[in-house]
>>> print(open('start_37.txt').read())   # compact mmCIF, C-alpha atoms
# COMPACT_ATOMS: atom_id res chain seq x y z
CA MET A 257 24.92 -58.36 29.97
CA ASP A 258 27.35 -57.87 27.12
CA GLU A 259 30.14 -60.41 27.58
CA GLN A 260 31.86 -59.73 24.28
CA PRO A 261 34.87 -57.86 25.73
CA TYR A 262 35.60 -60.96 27.80
CA SER A 263 34.65 -63.68 25.32
CA GLN A 264 36.84 -62.08 22.65
CA ARG A 265 39.55 -61.39 25.25
CA ARG A 266 39.88 -57.75 24.24
CA TYR A 267 41.45 -57.06 27.62
CA ARG A 268 44.64 -58.53 26.20
CA SER A 269 45.11 -55.39 24.14
CA VAL A 270 46.16 -53.48 27.28
CA MET A 271 48.60 -56.14 28.52
CA ASP A 272 52.06 -54.68 27.95
CA PRO A 273 54.79 -55.80 30.35
CA ARG A 274 57.95 -53.97 29.39
CA GLY A 275 60.83 -55.96 27.99
CA LEU A 276 58.84 -59.14 27.36
CA ARG A 277 57.56 -60.66 24.14
CA GLY A 278 53.90 -61.70 24.00
CA TYR A 279 52.26 -64.47 21.98
CA ARG A 280 49.19 -66.74 22.06
CA VAL A 281 49.29 -70.50 22.54
CA VAL A 282 45.98 -72.20 21.78
CA GLN A 283 45.06 -75.86 22.04
CA GLY A 284 41.50 -77.10 22.43
CA GLU A 285 39.76 -75.08 25.16
CA SER A 286 43.08 -73.68 26.38
CA ASP A 287 43.83 -70.16 25.10
CA LEU A 288 46.96 -68.79 26.75
CA PHE A 289 48.60 -65.40 26.33
CA VAL A 290 52.25 -65.75 27.26
CA PHE A 291 55.03 -63.23 27.91
CA THR A 292 58.69 -64.28 28.09
CA GLU A 293 62.15 -62.88 27.43
CA GLY A 294 62.23 -63.67 23.73
CA ASP A 295 60.14 -66.19 21.82
CA ALA A 296 59.56 -69.40 23.77
CA SER A 297 56.36 -70.32 21.93
CA GLY A 298 57.68 -73.73 20.94
CA LEU A 299 58.29 -74.77 24.54
CA ALA A 300 54.98 -73.22 25.60
CA ALA A 301 53.07 -75.23 23.00
CA GLU A 302 54.85 -78.46 23.94
CA SER A 303 54.24 -77.86 27.63
CA LEU A 304 50.55 -77.09 27.16
CA SER A 305 50.08 -80.18 24.99
CA ARG A 306 51.79 -82.39 27.56
CA HIS A 307 49.83 -81.14 30.56
CA ARG A 308 46.53 -81.24 28.66
CA ARG A 309 47.27 -84.83 27.62
CA ASP A 310 48.09 -85.80 31.21
CA LEU A 311 44.82 -84.31 32.43
CA GLU A 312 42.68 -85.75 29.64
CA GLU A 313 44.12 -89.24 30.06
CA PHE A 314 43.47 -89.13 33.81
CA ILE A 315 39.89 -87.94 33.28
CA ALA A 316 39.32 -90.86 30.89
CA LEU A 317 40.23 -93.17 33.78
CA CYS A 318 38.40 -91.12 36.44
CA PRO A 319 35.45 -89.22 34.89
CA PRO A 320 34.26 -87.73 38.24
CA PHE A 321 37.43 -85.64 38.29
CA ALA A 322 35.93 -83.56 35.47
CA THR A 323 32.38 -83.24 36.83
CA SER A 324 32.46 -83.26 40.62
CA PHE A 325 31.76 -80.09 42.59
CA ARG A 326 33.48 -81.68 45.57
CA PRO A 327 37.10 -82.78 46.08
CA VAL A 328 38.14 -86.06 44.44
CA ALA A 329 40.92 -88.28 45.81
CA VAL A 330 43.63 -89.26 43.33
CA PRO A 331 46.44 -91.85 43.53
CA PRO A 332 49.99 -90.71 44.39
CA ASP A 333 51.23 -91.72 40.93
CA ALA A 334 48.79 -89.42 39.13
CA PRO A 335 50.29 -86.71 36.87
CA GLY A 336 51.63 -83.64 38.64
CA ILE A 337 48.91 -81.32 37.38
CA VAL A 338 46.22 -83.74 38.57
CA ILE A 339 47.77 -84.01 42.04
CA ALA A 340 48.02 -80.21 42.31
CA MET A 341 44.40 -79.72 41.25
CA ALA A 342 43.16 -82.40 43.63
CA ALA A 343 45.11 -80.87 46.53
CA ALA A 344 43.77 -77.38 45.81
CA ALA A 345 40.23 -78.73 45.60
CA ALA A 346 40.61 -80.50 48.94
CA THR A 347 42.02 -77.36 50.57
CA PHE A 348 39.07 -75.19 49.55
CA GLY A 349 36.23 -77.72 49.31
CA VAL A 350 35.53 -77.37 45.59
CA GLY A 351 35.69 -79.66 42.57
CA PRO A 352 39.08 -80.26 40.93
CA MET A 353 38.16 -78.47 37.70
CA ALA A 354 37.63 -75.25 39.67
CA SER A 355 41.40 -74.83 39.41
CA VAL A 356 42.02 -76.04 35.85
CA ALA A 357 42.68 -72.63 34.25
CA GLY A 358 45.09 -71.60 36.98
CA ALA A 359 46.78 -74.99 36.92
CA MET A 360 47.42 -74.83 33.17
CA ALA A 361 48.84 -71.32 33.52
CA GLN A 362 51.06 -72.42 36.41
CA PHE A 363 52.42 -75.63 34.93
CA VAL A 364 53.16 -74.07 31.54
CA GLY A 365 54.70 -71.04 33.26
CA GLN A 366 56.96 -73.18 35.43
CA ASP A 367 58.22 -75.03 32.35
CA LEU A 368 58.97 -71.70 30.65
CA LEU A 369 61.25 -70.69 33.50
CA GLU A 370 63.79 -73.03 31.88
CA LEU A 371 64.24 -70.41 29.13
CA SER A 372 63.16 -67.12 30.69
CA GLY A 373 63.66 -65.60 34.12
CA ASN A 374 60.52 -63.50 33.67
CA VAL A 375 57.30 -65.27 32.72
CA ILE A 376 53.63 -64.28 32.59
CA VAL A 377 50.98 -66.76 31.53
CA GLU A 378 47.38 -65.54 31.31
CA ASN A 379 44.58 -68.08 30.90
CA GLY A 380 41.16 -66.48 30.82
CA GLY A 381 42.07 -63.93 33.48
CA ASP A 382 43.99 -66.38 35.64
CA LEU A 383 47.67 -65.49 35.91
CA PHE A 384 51.01 -67.12 36.65
CA LEU A 385 53.59 -64.38 37.31
CA ALA A 386 57.28 -65.17 37.77
CA GLY A 387 60.46 -63.15 37.93
CA GLY A 388 59.95 -60.93 40.93
CA GLY A 389 59.20 -57.24 41.03
CA ARG A 390 56.00 -55.27 41.23
CA ARG A 391 53.30 -55.99 38.66
CA VAL A 392 50.15 -53.97 38.01
CA VAL A 393 47.17 -56.02 36.86
CA ARG A 394 43.71 -54.89 35.74
CA VAL A 395 40.75 -56.82 37.18
CA PHE A 396 37.73 -56.94 34.88
CA ALA A 397 34.48 -56.76 36.89
CA GLY A 398 32.03 -56.34 34.00
CA THR A 399 31.42 -53.64 31.43
CA SER A 400 29.43 -51.55 33.92
CA GLY A 401 31.80 -52.12 36.84
CA PRO A 402 34.55 -49.80 38.03
CA ARG A 403 38.06 -49.87 36.62
CA ILE A 404 40.12 -51.88 39.10
CA ASP A 405 43.91 -51.90 38.90
CA VAL A 406 45.88 -53.81 41.53
CA ALA A 407 49.56 -54.24 42.28
CA VAL A 408 51.23 -57.40 43.58
CA GLU A 409 54.82 -58.26 44.43
CA GLY A 410 56.16 -61.13 42.37
CA GLU A 411 58.59 -63.89 43.28
CA ALA A 412 61.31 -65.49 41.18
CA ALA A 413 59.63 -68.92 41.27
CA GLY A 414 56.19 -67.52 40.52
CA ILE A 415 52.89 -66.61 42.16
CA GLY A 416 49.26 -67.02 41.17
CA LEU A 417 46.66 -64.26 40.75
CA CYS A 418 43.28 -65.64 39.71
CA THR A 419 39.79 -64.21 39.34
CA SER A 420 36.37 -65.86 39.55
CA SER A 421 33.13 -64.11 38.60
CA ALA A 422 29.43 -64.92 38.64
CA THR A 423 28.67 -62.22 36.05
CA VAL A 424 31.61 -62.27 33.63
CA GLY A 425 32.97 -65.10 31.53
CA PRO A 426 32.33 -68.86 31.60
CA SER A 427 33.22 -69.60 35.24
CA VAL A 428 30.65 -71.51 37.29
CA SER A 429 29.94 -69.63 40.53
CA LEU A 430 27.23 -70.19 43.13
CA GLY A 431 27.49 -66.57 44.28
CA THR A 432 26.81 -63.18 42.72
CA ALA A 433 30.22 -61.43 42.87
CA ASP A 434 31.42 -59.47 39.86
CA ALA A 435 35.02 -60.33 40.70
CA VAL A 436 36.82 -62.35 43.35
CA THR A 437 40.56 -62.04 42.82
CA VAL A 438 42.94 -64.15 44.89
CA LEU A 439 46.72 -64.02 45.33
CA ALA A 440 48.45 -67.26 46.38
CA ARG A 441 51.81 -68.99 46.07
CA THR A 442 50.48 -71.01 43.10
CA ALA A 443 47.91 -70.25 40.43
CA THR A 444 46.29 -73.64 41.08
CA LEU A 445 45.55 -72.69 44.68
CA ALA A 446 44.54 -69.14 43.72
CA ASP A 447 42.01 -70.42 41.17
CA ALA A 448 40.41 -72.90 43.57
CA ALA A 449 40.30 -70.27 46.32
CA ALA A 450 38.71 -67.68 44.04
CA THR A 451 35.96 -70.15 43.18
CA ALA A 452 35.36 -71.10 46.81
CA LEU A 453 35.19 -67.49 47.99
CA GLY A 454 33.00 -66.49 45.07
CA ASN A 455 30.52 -69.23 45.96
CA VAL A 456 29.75 -67.62 49.34
CA VAL A 457 29.42 -63.98 48.24
CA ARG A 458 25.75 -63.31 47.55
CA SER A 459 25.45 -59.80 48.97
CA GLU A 460 27.58 -56.87 50.12
CA ALA A 461 27.32 -58.22 53.67
CA ASP A 462 29.20 -61.37 52.65
CA ILE A 463 32.36 -59.57 51.53
CA ALA A 464 33.93 -59.16 54.98
CA GLY A 465 33.27 -62.79 55.89
CA ALA A 466 34.79 -64.05 52.64
CA LEU A 467 37.91 -61.94 53.16
CA GLY A 468 38.18 -63.34 56.69
CA ALA A 469 37.94 -66.87 55.31
CA ALA A 470 40.73 -66.07 52.87
CA GLU A 471 42.96 -64.89 55.70
CA ARG A 472 42.20 -67.94 57.86
CA SER A 473 42.90 -70.40 55.05
CA GLY A 474 46.66 -70.10 55.45
CA GLU A 475 47.07 -70.53 51.66
CA VAL A 476 45.78 -67.18 50.41
CA THR A 477 48.08 -64.15 50.66
CA GLY A 478 45.70 -61.52 49.30
CA ALA A 479 42.13 -61.13 48.08
CA LEU A 480 39.86 -58.56 46.43
CA ILE A 481 36.09 -58.92 46.19
CA ALA A 482 33.80 -56.68 44.12
CA ALA A 483 30.09 -57.36 44.52
CA CYS A 484 26.80 -55.45 44.62
CA GLY A 485 28.53 -52.13 44.04
CA ALA A 486 30.91 -52.60 46.99
CA MET A 487 34.51 -53.75 47.24
CA GLY A 488 36.83 -55.15 49.90
CA VAL A 489 40.57 -55.87 49.82
CA TRP A 490 42.87 -57.80 52.16
CA GLY A 491 46.52 -58.84 52.24
CA GLY A 492 49.10 -58.57 49.47
CA ILE A 493 46.80 -57.03 46.86
CA GLU A 494 47.18 -53.24 46.61
CA LEU A 495 44.65 -51.02 44.88
CA VAL A 496 46.33 -48.68 42.39
CA GLY A 497 44.99 -45.32 41.20
>>> encode(input="start_37.txt", output="structure tokens")
Amino acid sequence: MDEQPYSQRRYRSVMDPRGLRGYRVVQGESDLFVFTEGDASGLAAESLSRHRRDLEEFIALCPPFATSFRPVAVPPDAPGIVIAMAAAAATFGVGPMASVAGAMAQFVGQDLLELSGNVIVENGGDLFLAGGGRRVVRVFAGTSGPRIDVAVEGEAAGIGLCTSSATVGPSVSLGTADAVTVLARTATLADAAATALGNVVRSEADIAGALGAAERSGEVTGALIAACGAMGVWGGIELVG
């Protein structure tokens, strides 16, 4: 499979939210594409550096946090991003790092709300969306997959829309889905949920059960699953076109 469109993040060329300024913020493994009302790249860079430092320093003290495929308990005085990742992992029965991309997008995005009422932070296909209103997002399900555009309703404080895939990009998935996209109140929860649902989808027959699990979770507000040439959608994710 040709992963170049993803690995080079060419999908960013079609991201064009009206009225917002876009720019990259890159540190280490974190490669964010940010949209705000005006240039807030300085705050974005400071925020990313701070949250990465908090996470890296915690991992130095607790190495299993970075390697476990199961939830890891953390102390109540751990950094905010660590607590959020641990809680999401416990909710969906995955390792804490299953939510790291969504968590970075969320925590940087929340900091940017100090300067901009509308914020989008994209981190490898995981999104933090704030400012309210309807947003149309393209879900990449591989170069041979169908074009999938979805619409979600935003909230002023932000929502998370995150995608996990067994066939596209660097995500670790135990399933075979081309795309599992999850809508939740935070990007940290959405990322962990997308991983958990993706782990159980190994055939077309698993799609309905995974969507049912999303609904029963109480934390997921919408889900889309594309696998084995089939697709299912539930909740607050609307197919467009």
>>> closest_atom_pairs(input="start_37.txt", of="stretch 307-352 of chain A", to="stretch 280-297 of chain A", cutoff="12 Å", atoms="all atoms listed in the file", output="Markdown table")
| residue | atom | partner | partner_atom | distance |
| --- | --- | --- | --- | --- |
| A:His307 | CA | A:Ser286 | CA | 10.9 |
| A:Arg308 | CA | A:Ser286 | CA | 8.6 |
| A:Arg309 | CA | A:Gln283 | CA | 10.8 |
| A:Glu312 | CA | A:Gly284 | CA | 11.3 |
>>> atom_distance(input="start_37.txt", atom1="atom CA of A:Ile315", atom2="atom CA of A:Ile415")
26.5 Å
>>> closest_atom_pairs(input="start_37.txt", of="stretch 377-408 of chain A", to="stretch 440-452 of chain A", cutoff="9 Å", atoms="only C-alpha atoms", output="JSON lines")
{"residue": "A:Asp382", "atom": "CA", "partner": "A:Asp447", "partner_atom": "CA", "distance": 7.1}
{"residue": "A:Leu383", "atom": "CA", "partner": "A:Ala443", "partner_atom": "CA", "distance": 6.6}
{"residue": "A:Phe384", "atom": "CA", "partner": "A:Ala443", "partner_atom": "CA", "distance": 5.8}
{"residue": "A:Leu385", "atom": "CA", "partner": "A:Ala443", "partner_atom": "CA", "distance": 8.7}
>>> atom_distance(input="start_37.txt", atom1="atom CA of A:Gly351", atom2="atom CA of A:Gly365")
22.9 Å
>>> atom_distance(input="start_37.txt", atom1="atom CA of A:Arg403", atom2="atom CA of A:Ser355")
25.3 Å
>>> residues_around(input="start_37.txt", residues="A:Ala346", least_positions_apart="3", cutoff="10 Å", atoms="all atoms listed in the file", output="PyMOL selection string")
chain A and resi 326-329+340-343+349-352+448
>>> decode(input="start_37.txt", residues="stretch 360-401 of chain A", atoms="C-alpha atoms", output="tab-separated table (two decimals), in the first residue's frame")
chain	number	residue	atom	x	y	z
A	360	MET	CA	-1.93	16.97	22.28
A	361	ALA	CA	-4.45	18.44	19.83
A	362	GLN	CA	-6.95	19.03	22.63
A	363	PHE	CA	-4.62	20.57	25.19
A	364	VAL	CA	-2.95	22.89	22.68
A	365	GLY	CA	-6.36	23.80	21.24
A	366	GLN	CA	-7.78	24.65	24.66
A	367	ASP	CA	-4.83	26.94	25.37
A	368	LEU	CA	-5.39	28.70	22.03
A	369	LEU	CA	-8.94	29.58	23.03
A	370	GLU	CA	-7.34	32.32	25.13
A	371	LEU	CA	-6.60	34.20	21.89
A	372	SER	CA	-9.13	32.88	19.37
A	373	GLY	CA	-12.79	31.96	19.62
A	374	ASN	CA	-12.42	29.58	16.68
A	375	VAL	CA	-9.69	26.95	16.84
A	376	ILE	CA	-8.84	23.84	14.83
A	377	VAL	CA	-5.86	21.69	15.74
A	378	GLU	CA	-5.07	18.70	13.51
A	379	ASN	CA	-2.53	16.13	14.68
A	380	GLY	CA	-2.11	13.28	12.23
A	381	GLY	CA	-5.81	13.18	11.41
A	382	ASP	CA	-6.97	13.68	14.98
A	383	LEU	CA	-8.87	16.94	15.44
A	384	PHE	CA	-9.78	19.42	18.15
A	385	LEU	CA	-12.54	21.71	16.85
A	386	ALA	CA	-13.76	24.72	18.83
A	387	GLY	CA	-15.98	27.68	18.11
A	388	GLY	CA	-19.31	26.13	17.29
A	389	GLY	CA	-20.97	25.79	13.93
A	390	ARG	CA	-21.03	23.05	11.35
A	391	ARG	CA	-17.71	21.70	10.10
A	392	VAL	CA	-17.14	19.39	7.14
A	393	VAL	CA	-14.19	17.03	7.53
A	394	ARG	CA	-12.68	14.56	5.06
A	395	VAL	CA	-11.87	11.09	6.42
A	396	PHE	CA	-8.96	9.39	4.66
A	397	ALA	CA	-9.54	5.64	4.36
A	398	GLY	CA	-6.63	4.77	2.06
A	399	THR	CA	-5.72	5.63	-1.50
A	400	SER	CA	-8.08	2.97	-2.87
A	401	GLY	CA	-10.92	3.74	-0.47
